[in-house]
$ cat work_32.txt   # compact mmCIF, C-alpha atoms
# COMPACT_ATOMS: atom_id res chain seq x y z
CA MET A 6 106.67 137.65 127.10
CA ASN A 7 107.12 134.59 124.90
CA GLU A 8 105.18 135.40 121.75
CA ILE A 9 104.22 132.81 119.16
CA ILE A 10 103.11 133.97 115.71
CA LEU A 11 101.14 131.55 113.56
CA ASP A 12 101.46 132.32 109.86
CA CYS A 13 97.88 132.19 108.54
CA ASP A 14 98.66 133.58 105.10
CA LEU A 15 97.12 130.53 103.41
CA MET A 16 93.75 131.32 104.98
CA ARG A 17 93.33 133.28 101.74
CA PHE A 18 91.86 130.04 100.42
CA ARG A 19 88.63 129.80 102.41
CA ASN A 20 87.46 126.41 101.18
CA SER A 21 90.71 124.64 101.88
CA GLY A 22 91.79 122.25 104.60
CA LEU A 23 94.61 124.66 105.45
CA TYR A 24 92.05 127.35 106.28
CA HIS A 25 90.43 125.14 108.92
CA TYR A 26 93.84 123.89 110.09
CA CYS A 27 95.01 127.43 110.90
CA LEU A 28 91.67 128.50 112.34
CA ASN A 29 91.28 125.54 114.68
CA LEU A 30 94.90 125.30 115.77
CA GLY A 31 95.02 129.04 116.42
CA ASN A 32 91.81 129.17 118.42
CA TYR A 33 92.67 126.14 120.55
CA VAL A 34 96.23 127.28 121.29
CA GLU A 35 94.85 130.70 122.23
CA LYS A 36 92.29 129.10 124.53
CA LEU A 37 94.96 127.01 126.29
CA LEU A 38 97.22 130.05 126.77
CA GLU A 39 94.55 132.54 127.86
CA ASN A 40 95.54 132.38 131.54
CA GLN A 41 99.29 132.44 130.89
CA ARG A 42 100.86 135.80 131.71
CA ASN A 43 104.16 135.15 129.96
CA GLU A 44 102.90 133.50 126.75
CA ARG A 45 100.57 134.47 123.95
CA ILE A 46 99.85 133.57 120.34
CA ARG A 47 99.20 136.03 117.53
CA PHE A 48 98.02 135.42 113.98
CA TYR A 49 99.45 136.76 110.74
CA VAL A 50 96.31 136.96 108.58
CA PRO A 51 95.16 138.16 105.15
CA PRO A 52 92.97 141.30 105.30
CA LEU A 53 89.69 139.39 104.79
CA GLU A 54 90.39 137.28 107.89
CA ALA A 55 91.13 140.19 110.23
CA ASN A 56 88.03 139.40 112.33
CA THR A 57 88.04 135.63 112.10
CA PHE A 58 89.80 134.60 115.30
CA LYS A 59 88.22 134.88 118.74
CA ARG A 60 90.73 137.55 119.78
CA ASN A 61 90.88 140.02 116.91
CA ASP A 62 93.40 142.14 118.81
CA HIS A 63 95.83 139.24 118.43
CA CYS A 64 95.68 139.47 114.62
CA ILE A 65 98.46 141.01 112.55
CA VAL A 66 96.95 142.00 109.20
CA GLU A 67 99.11 141.53 106.13
CA LYS A 68 100.36 144.72 104.47
CA LYS A 69 102.17 145.19 101.15
CA HIS A 70 105.20 146.68 102.88
CA HIS A 71 105.69 143.47 104.88
CA LYS A 72 107.55 142.12 101.87
CA PHE A 73 110.37 144.50 102.82
CA TRP A 74 109.78 145.42 106.47
CA LYS A 75 108.29 143.20 109.15
CA PRO A 76 108.01 145.16 112.40
CA PHE A 77 105.68 142.50 113.86
CA LEU A 78 108.66 140.15 114.18
CA ASN A 79 110.19 142.34 116.90
CA GLY A 80 109.55 140.48 120.12
CA CYS A 81 108.53 137.26 118.39
CA SER A 82 109.91 134.16 120.14
CA VAL A 83 108.52 131.43 117.84
CA TRP A 84 107.34 131.72 114.26
CA HIS A 85 105.12 128.80 113.26
CA ALA A 86 105.17 128.13 109.53
CA PRO A 87 102.16 125.80 109.29
CA PHE A 88 102.71 124.61 105.75
CA GLN A 89 105.74 124.06 103.56
CA SER A 90 104.66 126.62 100.96
CA GLY A 91 104.05 129.65 103.18
CA ARG A 92 105.32 132.91 101.73
CA ILE A 93 107.00 134.38 104.82
CA PHE A 94 109.94 132.94 106.69
CA PRO A 95 111.89 135.06 109.22
CA ASP A 96 115.39 136.14 108.26
CA LYS A 97 117.36 134.88 111.24
CA LYS A 98 120.22 137.25 110.51
CA LYS A 99 117.91 140.19 111.15
CA HIS A 100 115.88 138.55 113.92
CA LYS A 101 118.36 136.33 115.70
CA GLY A 102 116.18 135.40 118.63
CA ILE A 103 113.34 133.88 116.60
CA LYS A 104 112.91 130.10 116.53
CA VAL A 105 110.96 128.50 113.69
CA VAL A 106 108.53 125.59 113.88
CA LEU A 107 107.79 124.10 110.46
CA THR A 108 104.76 121.87 109.92
CA ILE A 109 105.09 119.55 106.93
CA HIS A 110 101.73 118.28 105.72
CA ASP A 111 102.95 116.04 102.93
CA LEU A 112 105.43 115.32 100.19
CA ASN A 113 102.56 114.57 97.84
CA ALA A 114 104.53 115.51 94.73
CA LEU A 115 106.23 112.13 95.12
CA HIS A 116 102.92 110.25 94.94
CA GLU A 117 100.92 112.09 92.28
CA GLY A 118 102.67 110.78 89.17
CA LYS A 119 104.33 114.13 88.52
CA PRO A 120 107.48 114.40 86.36
CA GLU A 121 110.69 113.64 88.20
CA ARG A 122 111.87 117.22 87.79
CA GLU A 123 108.81 118.54 89.63
CA GLN A 124 109.30 115.97 92.39
CA HIS A 125 112.90 117.05 92.92
CA LYS A 126 111.92 120.74 92.91
CA SER A 127 109.20 120.19 95.52
CA VAL A 128 111.43 118.16 97.83
CA ALA A 129 114.28 120.67 97.43
CA HIS A 130 111.97 123.50 98.49
CA THR A 131 110.86 121.58 101.59
CA GLN A 132 114.50 120.79 102.37
CA SER A 133 115.40 124.50 102.22
CA LEU A 134 112.68 125.26 104.78
CA ILE A 135 113.86 122.43 107.03
CA GLU A 136 117.33 123.97 107.02
CA HIS A 137 115.92 127.28 108.29
CA SER A 138 113.77 125.64 110.99
CA ASP A 139 114.45 124.65 114.59
CA ALA A 140 111.74 122.01 115.04
CA ILE A 141 109.64 120.07 112.54
CA VAL A 142 106.11 118.71 112.95
CA CYS A 143 104.58 116.17 110.57
CA ILE A 144 100.81 115.66 110.56
CA SER A 145 100.99 111.87 110.16
CA GLU A 146 103.41 109.01 110.63
CA PHE A 147 103.27 108.52 106.87
CA THR A 148 104.45 112.09 106.24
CA LYS A 149 107.21 111.61 108.81
CA SER A 150 108.42 108.47 107.05
CA ASP A 151 108.43 110.36 103.72
CA VAL A 152 110.44 113.22 105.26
CA MET A 153 112.93 110.85 106.86
CA LYS A 154 113.39 109.03 103.56
CA HIS A 155 113.66 111.98 101.18
CA CYS A 156 114.95 114.90 103.31
CA ASP A 157 117.82 115.52 105.71
CA VAL A 158 116.55 116.77 109.07
CA GLY A 159 119.93 116.49 110.77
CA ASN A 160 119.61 116.53 114.55
CA LYS A 161 116.51 118.73 114.59
CA PRO A 162 113.58 117.42 116.65
CA LEU A 163 110.91 115.80 114.52
CA TYR A 164 107.40 115.30 115.92
CA VAL A 165 104.15 113.77 114.72
CA ILE A 166 101.01 115.66 115.72
CA HIS A 167 97.79 114.58 114.04
CA ASN A 168 95.29 117.24 113.05
CA GLY A 169 92.08 117.47 115.02
CA THR A 170 88.66 117.83 113.47
CA HIS A 171 86.19 120.63 113.98
CA LYS A 172 82.53 120.23 114.81
CA VAL A 173 80.46 120.53 111.66
CA GLN A 174 77.53 122.93 111.95
CA ASP A 175 73.88 121.89 112.07
CA ALA A 176 72.70 120.29 108.84
CA ALA A 177 70.67 122.34 106.37
CA LEU A 178 70.02 122.67 102.66
CA PHE A 179 69.05 125.95 101.02
CA GLN A 180 66.99 126.90 97.98
CA THR A 181 70.11 126.87 95.83
CA SER A 182 71.41 123.54 97.25
CA TYR A 183 71.21 120.33 95.28
CA LYS A 184 68.95 117.81 97.03
CA PRO A 185 69.35 114.22 95.81
CA THR A 186 66.28 112.16 95.03
CA ARG A 187 67.99 108.76 95.40
CA PRO A 188 70.45 107.14 97.83
CA PHE A 189 73.83 108.78 97.21
CA LEU A 190 77.57 108.53 97.73
CA PHE A 191 79.33 111.66 98.94
CA GLY A 192 82.90 112.85 98.54
CA MET A 193 84.50 116.20 99.29
CA GLY A 194 87.77 117.88 98.44
CA TYR A 195 89.39 119.78 95.58
CA VAL A 196 88.29 118.12 92.34
CA ASN A 197 91.59 117.33 90.65
CA ARG A 198 93.54 114.33 89.40
CA LYS A 199 95.16 113.66 92.75
CA LYS A 200 91.77 113.10 94.35
CA ASN A 201 91.01 110.44 91.73
CA TYR A 202 87.24 110.94 91.84
CA HIS A 203 86.62 109.65 88.32
CA VAL A 204 87.14 106.04 89.47
CA LEU A 205 83.93 106.30 91.51
CA LEU A 206 81.78 106.34 88.38
CA SER A 207 82.08 102.56 88.17
CA LEU A 208 80.14 102.27 91.45
CA LEU A 209 77.07 103.77 89.75
CA ARG A 210 76.96 101.49 86.72
CA ASN A 211 75.09 98.64 88.40
CA SER A 212 73.08 100.69 90.88
CA GLU A 213 70.60 103.55 91.00
CA MET A 214 72.69 105.63 93.41
CA GLU A 215 73.80 109.19 92.82
CA LEU A 216 77.31 110.57 93.36
CA ILE A 217 77.79 114.03 94.86
CA ILE A 218 81.29 115.50 95.02
CA SER A 219 81.69 118.88 96.71
CA GLY A 220 84.71 121.14 96.68
CA ARG A 221 86.55 123.56 94.45
CA LEU A 222 86.60 122.47 90.80
CA ASP A 223 90.37 122.68 90.71
CA GLU A 224 91.34 121.35 87.27
CA HIS A 225 89.00 122.25 84.42
CA ASP A 226 90.15 119.48 82.06
CA TYR A 227 89.78 116.84 84.75
CA VAL A 228 86.30 118.07 85.69
CA GLU A 229 85.20 118.00 82.05
CA ASN A 230 86.61 114.48 81.62
CA ILE A 231 84.49 113.27 84.57
CA ARG A 232 81.39 114.79 83.00
CA LYS A 233 82.23 113.34 79.59
CA GLU A 234 82.80 109.85 81.00
CA ALA A 235 79.58 110.02 83.02
CA LYS A 236 77.68 110.91 79.84
CA GLU A 237 79.28 108.04 77.92
CA LEU A 238 78.25 105.64 80.69
CA GLY A 239 74.69 106.97 80.67
CA ILE A 240 74.86 108.13 84.29
CA HIS A 241 75.43 111.87 83.83
CA ASP A 242 72.09 112.69 85.50
CA ARG A 243 73.32 110.96 88.67
CA VAL A 244 76.73 112.65 88.92
CA HIS A 245 76.79 116.07 90.61
CA LEU A 246 79.94 118.18 91.02
CA SER A 247 78.59 120.90 93.27
CA GLY A 248 81.64 123.10 93.71
CA PRO A 249 82.24 124.62 97.18
CA ILE A 250 79.46 124.20 99.73
CA SER A 251 78.61 125.68 103.12
CA GLU A 252 79.28 123.94 106.41
CA GLU A 253 75.53 123.39 106.81
CA GLU A 254 75.25 121.73 103.40
CA LYS A 255 78.29 119.58 104.17
CA ALA A 256 76.65 118.40 107.37
CA TRP A 257 73.44 117.53 105.49
CA TYR A 258 75.27 115.46 102.88
CA LEU A 259 77.36 113.68 105.53
CA SER A 260 74.24 112.98 107.60
CA ASN A 261 72.22 111.60 104.71
CA CYS A 262 74.69 109.85 102.40
CA THR A 263 74.77 106.09 101.95
CA ALA A 264 78.57 106.16 102.28
CA PHE A 265 81.52 108.55 102.17
CA VAL A 266 84.03 107.92 99.36
CA HIS A 267 87.60 109.23 99.11
CA PRO A 268 89.78 107.38 96.56
CA SER A 269 92.64 109.90 96.75
CA LEU A 270 96.11 109.01 95.48
CA ALA A 271 98.01 111.23 97.92
CA GLU A 272 97.16 112.65 101.34
CA GLY A 273 99.32 113.91 104.16
CA PHE A 274 96.47 113.40 106.61
CA GLY A 275 92.92 113.32 105.22
CA ALA A 276 90.82 115.86 107.13
CA PRO A 277 87.62 115.19 105.13
CA VAL A 278 87.82 111.54 106.20
CA VAL A 279 87.79 112.43 109.90
CA GLU A 280 84.92 114.88 109.39
CA ALA A 281 82.94 112.12 107.67
CA MET A 282 83.73 109.59 110.39
CA LEU A 283 82.04 111.84 112.96
CA PHE A 284 78.74 110.92 111.31
CA GLY A 285 79.28 107.17 111.61
CA LYS A 286 78.63 106.42 107.94
CA PRO A 287 80.54 103.72 106.01
CA ILE A 288 83.92 105.03 104.83
CA PHE A 289 85.54 103.88 101.56
CA LEU A 290 89.12 105.02 100.90
CA SER A 291 92.08 104.24 98.74
CA ASP A 292 94.85 102.41 100.59
CA LYS A 293 97.40 105.04 99.50
CA THR A 294 99.73 107.23 101.57
CA SER A 295 98.28 108.33 104.96
CA LEU A 296 94.69 107.13 104.53
CA PRO A 297 95.03 103.72 106.22
CA GLU A 298 96.65 105.47 109.20
CA ILE A 299 93.64 107.77 109.56
CA GLY A 300 90.85 105.33 108.70
CA GLY A 301 92.36 102.45 110.67
CA ASP A 302 90.27 99.31 110.92
CA VAL A 303 86.92 101.10 110.67
CA ALA A 304 87.24 101.99 106.96
CA PHE A 305 87.16 99.91 103.78
CA TYR A 306 89.96 100.23 101.24
CA PHE A 307 90.37 100.09 97.46
CA SER A 308 93.79 98.59 96.74
CA HIS A 309 93.40 99.40 93.04
CA PHE A 310 90.75 100.99 90.89
CA GLU A 311 89.54 98.32 88.50
CA SER A 312 85.75 98.36 88.34
CA ASP A 313 85.20 94.78 89.53
CA HIS A 314 87.49 95.22 92.53
CA MET A 315 85.91 98.52 93.56
CA ASN A 316 82.39 97.11 93.32
CA GLU A 317 83.41 94.04 95.34
CA VAL A 318 84.98 96.19 98.09
CA PHE A 319 81.92 98.41 98.16
CA GLN A 320 79.36 95.59 98.31
CA ASN A 321 81.31 93.64 100.96
CA GLY A 322 81.86 96.81 102.98
CA MET A 323 78.19 97.74 102.97
CA GLU A 324 77.26 94.23 104.10
CA GLN A 325 79.81 94.27 106.94
CA TYR A 326 78.69 97.74 108.02
CA GLY A 327 75.09 96.62 108.29
CA GLN A 328 75.92 93.47 110.24
CA ASN A 329 78.46 94.42 112.90
CA GLY A 330 77.40 97.79 114.35
CA LEU A 331 80.45 99.54 112.90
CA SER A 332 78.92 103.01 113.09
CA LYS A 333 79.75 103.51 116.77
CA ARG A 334 83.39 102.50 116.29
CA ILE A 335 83.71 104.88 113.34
CA ILE A 336 82.53 107.79 115.50
CA GLN A 337 84.85 106.76 118.34
CA ARG A 338 87.82 106.74 115.99
CA ALA A 339 86.96 110.21 114.71
CA GLN A 340 86.88 111.49 118.28
CA GLN A 341 90.52 110.49 118.75
CA PHE A 342 91.49 113.36 116.42
CA ASP A 343 90.95 116.19 118.86
CA TRP A 344 92.13 119.76 118.28
CA GLU A 345 92.56 120.51 121.98
CA LYS A 346 95.00 117.59 122.34
CA SER A 347 96.79 118.61 119.16
CA ALA A 348 97.07 122.24 120.30
CA ALA A 349 98.50 121.13 123.66
CA ALA A 350 101.13 119.09 121.80
CA TYR A 351 102.08 122.11 119.67
CA ILE A 352 102.42 124.25 122.79
CA GLU A 353 104.95 121.74 124.16
CA VAL A 354 106.92 122.07 120.92
CA TYR A 355 106.86 125.89 121.19
CA ARG A 356 107.99 125.76 124.82
CA SER A 357 110.89 123.49 123.97
CA LEU A 358 112.34 126.40 121.95
CA TYR A 359 112.02 129.28 124.46

$ encode --input "work_32.txt" --output "structure tokens"
Amino acid sequence: MNEIILDCDLMRFRNSGLYHYCLNLGNYVEKLLENQRNERIRFYVPPLEANTFKRNDHCIVEKKHHKFWKPFLNGCSVWHAPFQSGRIFPDKKKHKGIKVVLTIHDLNALHEGKPEREQHKSVAHTQSLIEHSDAIVCISEFTKSDVMKHCDVGNKPLYVIHNGTHKVQDAALFQTSYKPTRPFLFGMGYVNRKKNYHVLLSLLRNSEMELIISGRLDEHDYVENIRKEAKELGIHDRVHLSGPISEEEKAWYLSNCTAFVHPSLAEGFGAPVVEAMLFGKPIFLSDKTSLPEIGGDVAFYFSHFESDHMNEVFQNGMEQYGQNGLSKRIIQRAQQFDWEKSAAAYIEVYRSLY
């Protein structure tokens, strides 16, 4: 039996892209292997996720003693470390037969304006994981180019496998949900400096639109600065930082927004962008890191964040969207990012190591 174990430790963070990455990749790989007698995938999960996957009997629940003793590695053929900060990596001296697949999502520390010391530390950590891996997957061509430039992969195989996107649930708001009363822009993701959401305030100054940003309020000082700036501009009643939302609420906002906005400074992929594209709404992104690769020619891009430039890009983009039937092409592009295709590509990587 060739057994693959997917490390889902980071599913501890339920409202994160990594949660959905592990959940979707795991379920689709499991589906594709269900009729294979000599292959199976299992999931190393935090206790709260013990019943999350379709086959709960394939889950290995984290225990405190696993820090010292990992009996679940006996018989493991491939350990998939799906992010470069996972806590568990097999000791190949103790488990000589195990091959390791490492997925690198980004080297974002290089693009966030962090001190040089932090950049070096982050890259050095990724390099140490590369050295203990047998195959490397990057989630975008941009991430691959970063890895090739800043890390030494030696002669190890290096693949690019884009993430897929999951079907968002039926749209619904609840009694506790915020329901906008005006046309609104929508963004989603952790609210921190890297996401750069504060630059969107300039799009409200000469309009009556609202701005709704949903996702974990990740940096308190940054969140308070957004609120302070909105108050100074006299638009605080039209700026709503909702915090985490349900899948149903997300679907409602994506269905009803005037446009989706994502001015992030650093992305390894950009999963929220693909989710938004499924709804065919106008997409406005920064032109940084992986975003042009994901948005392609169906999105509009801010090349810098001066107010006049952003308003010009937004107005021109909305005019083009209304004139050329772009909505259908946006949906078609989103459909290219398919988890079943991505899972099949990962299975080929696993099989190359048996």

$ residues_around --input "work_32.txt" --residues "segment 243-259 of chain A" --least-positions-apart "2" --cutoff "10 Å" --atoms "all atoms listed in the file" --output "JSON, numbers by chain"
{"A": [19, 20, 21, 172, 173, 174, 175, 176, 177, 178, 179, 182, 183, 184, 185, 186, 187, 189, 190, 191, 192, 193, 194, 195, 196, 205, 206, 209, 213, 214, 215, 216, 217, 218, 219, 220, 221, 222, 223, 228, 231, 232, 235, 236, 239, 240, 241, 261, 262, 263, 264, 265, 280, 281, 282, 283, 284, 285, 286]}

$ atom_distance --input "work_32.txt" --atom1 "atom CA of Leu37 of chain A" --atom2 "atom CA of Ile135 of chain A"
27.4 Å

$ residues_around --input "work_32.txt" --residues "Gly118 of chain A" --least-positions-apart "4" --cutoff "12 Å" --atoms "only C-alpha atoms" --output "PyMOL selection string"
chain A and resi 113-114+122-124+198-199+201+270-271

$ closest_residue --input "work_32.txt" --among "A:Ile65, A:Tyr202, A:Arg210, A:Asp242" --to "Asn230 of chain A" --atoms "all atoms listed in the file"
A:Tyr202

$ atom_distance --input "work_32.txt" --atom1 "atom CA of Phe310 of chain A" --atom2 "atom CA of Lys200 of chain A"
12.6 Å

$ atom_distance --input "work_32.txt" --atom1 "atom CA of Ile336 of chain A" --atom2 "atom CA of Glu298 of chain A"
15.6 Å

$ residues_around --input "work_32.txt" --residues "Asp292 of chain A" --least-positions-apart "3" --cutoff "7 Å" --atoms "only C-alpha atoms" --output "JSON, numbers by chain"
{"A": [296, 297, 306, 307, 308]}

$ residues_around --input "work_32.txt" --residues "Ile9 of chain A" --least-positions-apart "3" --cutoff "6 Å" --atoms "only C-alpha atoms" --output "PyMOL selection string"
chain A and resi 46+82-84

$ closest_residue --input "work_32.txt" --among "A:Lys126, A:Lys97, A:Arg338, A:His85" --to "Leu11 of chain A" --atoms "all atoms listed in the file"
A:His85

$ residues_near_point --input "work_32.txt" --point "(89.6, 131.2, 112.7)" --cutoff "7 Å" --atoms "only C-alpha atoms" --output "list in words"
Cys27, Leu28, Asn29, Gly31, Asn32, Thr57 and Phe58 of chain A

$ closest_residue --input "work_32.txt" --among "A:Leu53, A:Ala276, A:Val165, A:Ile335" --to "Phe305 of chain A" --atoms "only C-alpha atoms"
A:Ile335

$ residues_around --input "work_32.txt" --residues "Ala304 of chain A" --least-positions-apart "2" --cutoff "6 Å" --atoms "only C-alpha atoms" --output "count of residues only"
4

$ closest_residue --input "work_32.txt" --among "A:His137, A:Arg42, A:His110, A:Arg60" --to "Gly22 of chain A" --atoms "only C-alpha atoms"
A:His110

$ build_atoms --input "work_32.txt" --residues "segment 50-80 of chain A" --atoms "N, CA and C atoms" --output "PDB file, in the frame of the given file"
ATOM      1  N   VAL A  50      97.486 137.316 109.379  1.00  0.00           N
ATOM      2  CA  VAL A  50      96.310 136.960 108.580  1.00  0.00           C
ATOM      3  C   VAL A  50      96.157 137.856 107.346  1.00  0.00           C
ATOM      4  N   PRO A  51      95.538 137.314 106.283  1.00  0.00           N
ATOM      5  CA  PRO A  51      95.160 138.160 105.150  1.00  0.00           C
ATOM      6  C   PRO A  51      94.065 139.135 105.572  1.00  0.00           C
ATOM      7  N   PRO A  52      93.926 140.263 104.878  1.00  0.00           N
ATOM      8  CA  PRO A  52      92.970 141.300 105.300  1.00  0.00           C
ATOM      9  C   PRO A  52      91.547 140.785 105.503  1.00  0.00           C
ATOM     10  N   LEU A  53      91.077 139.859 104.668  1.00  0.00           N
ATOM     11  CA  LEU A  53      89.690 139.390 104.790  1.00  0.00           C
ATOM     12  C   LEU A  53      89.459 138.547 106.036  1.00  0.00           C
ATOM     13  N   GLU A  54      90.521 138.120 106.692  1.00  0.00           N
ATOM     14  CA  GLU A  54      90.390 137.280 107.890  1.00  0.00           C
ATOM     15  C   GLU A  54      90.727 138.049 109.171  1.00  0.00           C
ATOM     16  N   ALA A  55      90.725 139.365 109.083  1.00  0.00           N
ATOM     17  CA  ALA A  55      91.130 140.190 110.230  1.00  0.00           C
ATOM     18  C   ALA A  55      90.219 140.001 111.439  1.00  0.00           C
ATOM     19  N   ASN A  56      88.984 139.562 111.226  1.00  0.00           N
ATOM     20  CA  ASN A  56      88.030 139.400 112.330  1.00  0.00           C
ATOM     21  C   ASN A  56      87.607 137.950 112.532  1.00  0.00           C
ATOM     22  N   THR A  57      88.426 137.039 112.088  1.00  0.00           N
ATOM     23  CA  THR A  57      88.040 135.630 112.100  1.00  0.00           C
ATOM     24  C   THR A  57      88.317 134.948 113.434  1.00  0.00           C
ATOM     25  N   PHE A  58      89.436 135.261 114.059  1.00  0.00           N
ATOM     26  CA  PHE A  58      89.800 134.600 115.300  1.00  0.00           C
ATOM     27  C   PHE A  58      89.045 135.204 116.481  1.00  0.00           C
ATOM     28  N   LYS A  59      88.995 134.450 117.573  1.00  0.00           N
ATOM     29  CA  LYS A  59      88.220 134.880 118.740  1.00  0.00           C
ATOM     30  C   LYS A  59      88.778 136.160 119.345  1.00  0.00           C
ATOM     31  N   ARG A  60      90.107 136.324 119.282  1.00  0.00           N
ATOM     32  CA  ARG A  60      90.730 137.550 119.780  1.00  0.00           C
ATOM     33  C   ARG A  60      91.267 138.340 118.591  1.00  0.00           C
ATOM     34  N   ASN A  61      90.457 139.261 118.081  1.00  0.00           N
ATOM     35  CA  ASN A  61      90.880 140.020 116.910  1.00  0.00           C
ATOM     36  C   ASN A  61      92.085 140.898 117.196  1.00  0.00           C
ATOM     37  N   ASP A  62      92.262 141.296 118.469  1.00  0.00           N
ATOM     38  CA  ASP A  62      93.400 142.140 118.810  1.00  0.00           C
ATOM     39  C   ASP A  62      94.714 141.366 118.752  1.00  0.00           C
ATOM     40  N   HIS A  63      94.619 140.046 118.590  1.00  0.00           N
ATOM     41  CA  HIS A  63      95.830 139.240 118.430  1.00  0.00           C
ATOM     42  C   HIS A  63      96.178 139.017 116.957  1.00  0.00           C
ATOM     43  N   CYS A  64      95.425 139.640 116.051  1.00  0.00           N
ATOM     44  CA  CYS A  64      95.680 139.470 114.620  1.00  0.00           C
ATOM     45  C   CYS A  64      96.625 140.547 114.094  1.00  0.00           C
ATOM     46  N   ILE A  65      97.563 140.111 113.282  1.00  0.00           N
ATOM     47  CA  ILE A  65      98.460 141.010 112.550  1.00  0.00           C
ATOM     48  C   ILE A  65      98.016 140.941 111.088  1.00  0.00           C
ATOM     49  N   VAL A  66      97.500 142.020 110.553  1.00  0.00           N
ATOM     50  CA  VAL A  66      96.950 142.000 109.200  1.00  0.00           C
ATOM     51  C   VAL A  66      98.059 142.241 108.180  1.00  0.00           C
ATOM     52  N   GLU A  67      98.096 141.405 107.188  1.00  0.00           N
ATOM     53  CA  GLU A  67      99.110 141.530 106.130  1.00  0.00           C
ATOM     54  C   GLU A  67      99.050 142.892 105.457  1.00  0.00           C
ATOM     55  N   LYS A  68     100.242 143.454 105.203  1.00  0.00           N
ATOM     56  CA  LYS A  68     100.360 144.720 104.470  1.00  0.00           C
ATOM     57  C   LYS A  68     101.379 144.527 103.344  1.00  0.00           C
ATOM     58  N   LYS A  69     101.251 145.329 102.292  1.00  0.00           N
ATOM     59  CA  LYS A  69     102.170 145.190 101.150  1.00  0.00           C
ATOM     60  C   LYS A  69     103.612 145.426 101.559  1.00  0.00           C
ATOM     61  N   HIS A  70     103.815 146.365 102.507  1.00  0.00           N
ATOM     62  CA  HIS A  70     105.200 146.680 102.880  1.00  0.00           C
ATOM     63  C   HIS A  70     105.866 145.570 103.686  1.00  0.00           C
ATOM     64  N   HIS A  71     105.087 144.573 104.119  1.00  0.00           N
ATOM     65  CA  HIS A  71     105.690 143.470 104.880  1.00  0.00           C
ATOM     66  C   HIS A  71     106.672 142.659 104.038  1.00  0.00           C
ATOM     67  N   LYS A  72     106.585 142.808 102.729  1.00  0.00           N
ATOM     68  CA  LYS A  72     107.550 142.120 101.870  1.00  0.00           C
ATOM     69  C   LYS A  72     108.963 142.629 102.152  1.00  0.00           C
ATOM     70  N   PHE A  73     109.065 143.884 102.588  1.00  0.00           N
ATOM     71  CA  PHE A  73     110.370 144.500 102.820  1.00  0.00           C
ATOM     72  C   PHE A  73     110.656 144.772 104.297  1.00  0.00           C
ATOM     73  N   TRP A  74     109.601 144.979 105.071  1.00  0.00           N
ATOM     74  CA  TRP A  74     109.780 145.420 106.470  1.00  0.00           C
ATOM     75  C   TRP A  74     108.733 144.738 107.322  1.00  0.00           C
ATOM     76  N   LYS A  75     109.183 144.028 108.338  1.00  0.00           N
ATOM     77  CA  LYS A  75     108.290 143.200 109.150  1.00  0.00           C
ATOM     78  C   LYS A  75     108.420 143.582 110.631  1.00  0.00           C
ATOM     79  N   PRO A  76     107.874 144.711 111.012  1.00  0.00           N
ATOM     80  CA  PRO A  76     108.010 145.160 112.400  1.00  0.00           C
ATOM     81  C   PRO A  76     107.361 144.209 113.400  1.00  0.00           C
ATOM     82  N   PHE A  77     106.390 143.422 112.955  1.00  0.00           N
ATOM     83  CA  PHE A  77     105.680 142.500 113.860  1.00  0.00           C
ATOM     84  C   PHE A  77     106.583 141.377 114.357  1.00  0.00           C
ATOM     85  N   LEU A  78     107.749 141.205 113.724  1.00  0.00           N
ATOM     86  CA  LEU A  78     108.660 140.150 114.180  1.00  0.00           C
ATOM     87  C   LEU A  78     109.462 140.582 115.400  1.00  0.00           C
ATOM     88  N   ASN A  79     109.487 141.882 115.693  1.00  0.00           N
ATOM     89  CA  ASN A  79     110.190 142.340 116.900  1.00  0.00           C
ATOM     90  C   ASN A  79     109.461 141.799 118.128  1.00  0.00           C
ATOM     91  N   GLY A  80     110.159 141.063 118.938  1.00  0.00           N
ATOM     92  CA  GLY A  80     109.550 140.480 120.120  1.00  0.00           C
ATOM     93  C   GLY A  80     108.991 139.088 119.904  1.00  0.00           C
TER      94      GLY A  80
END
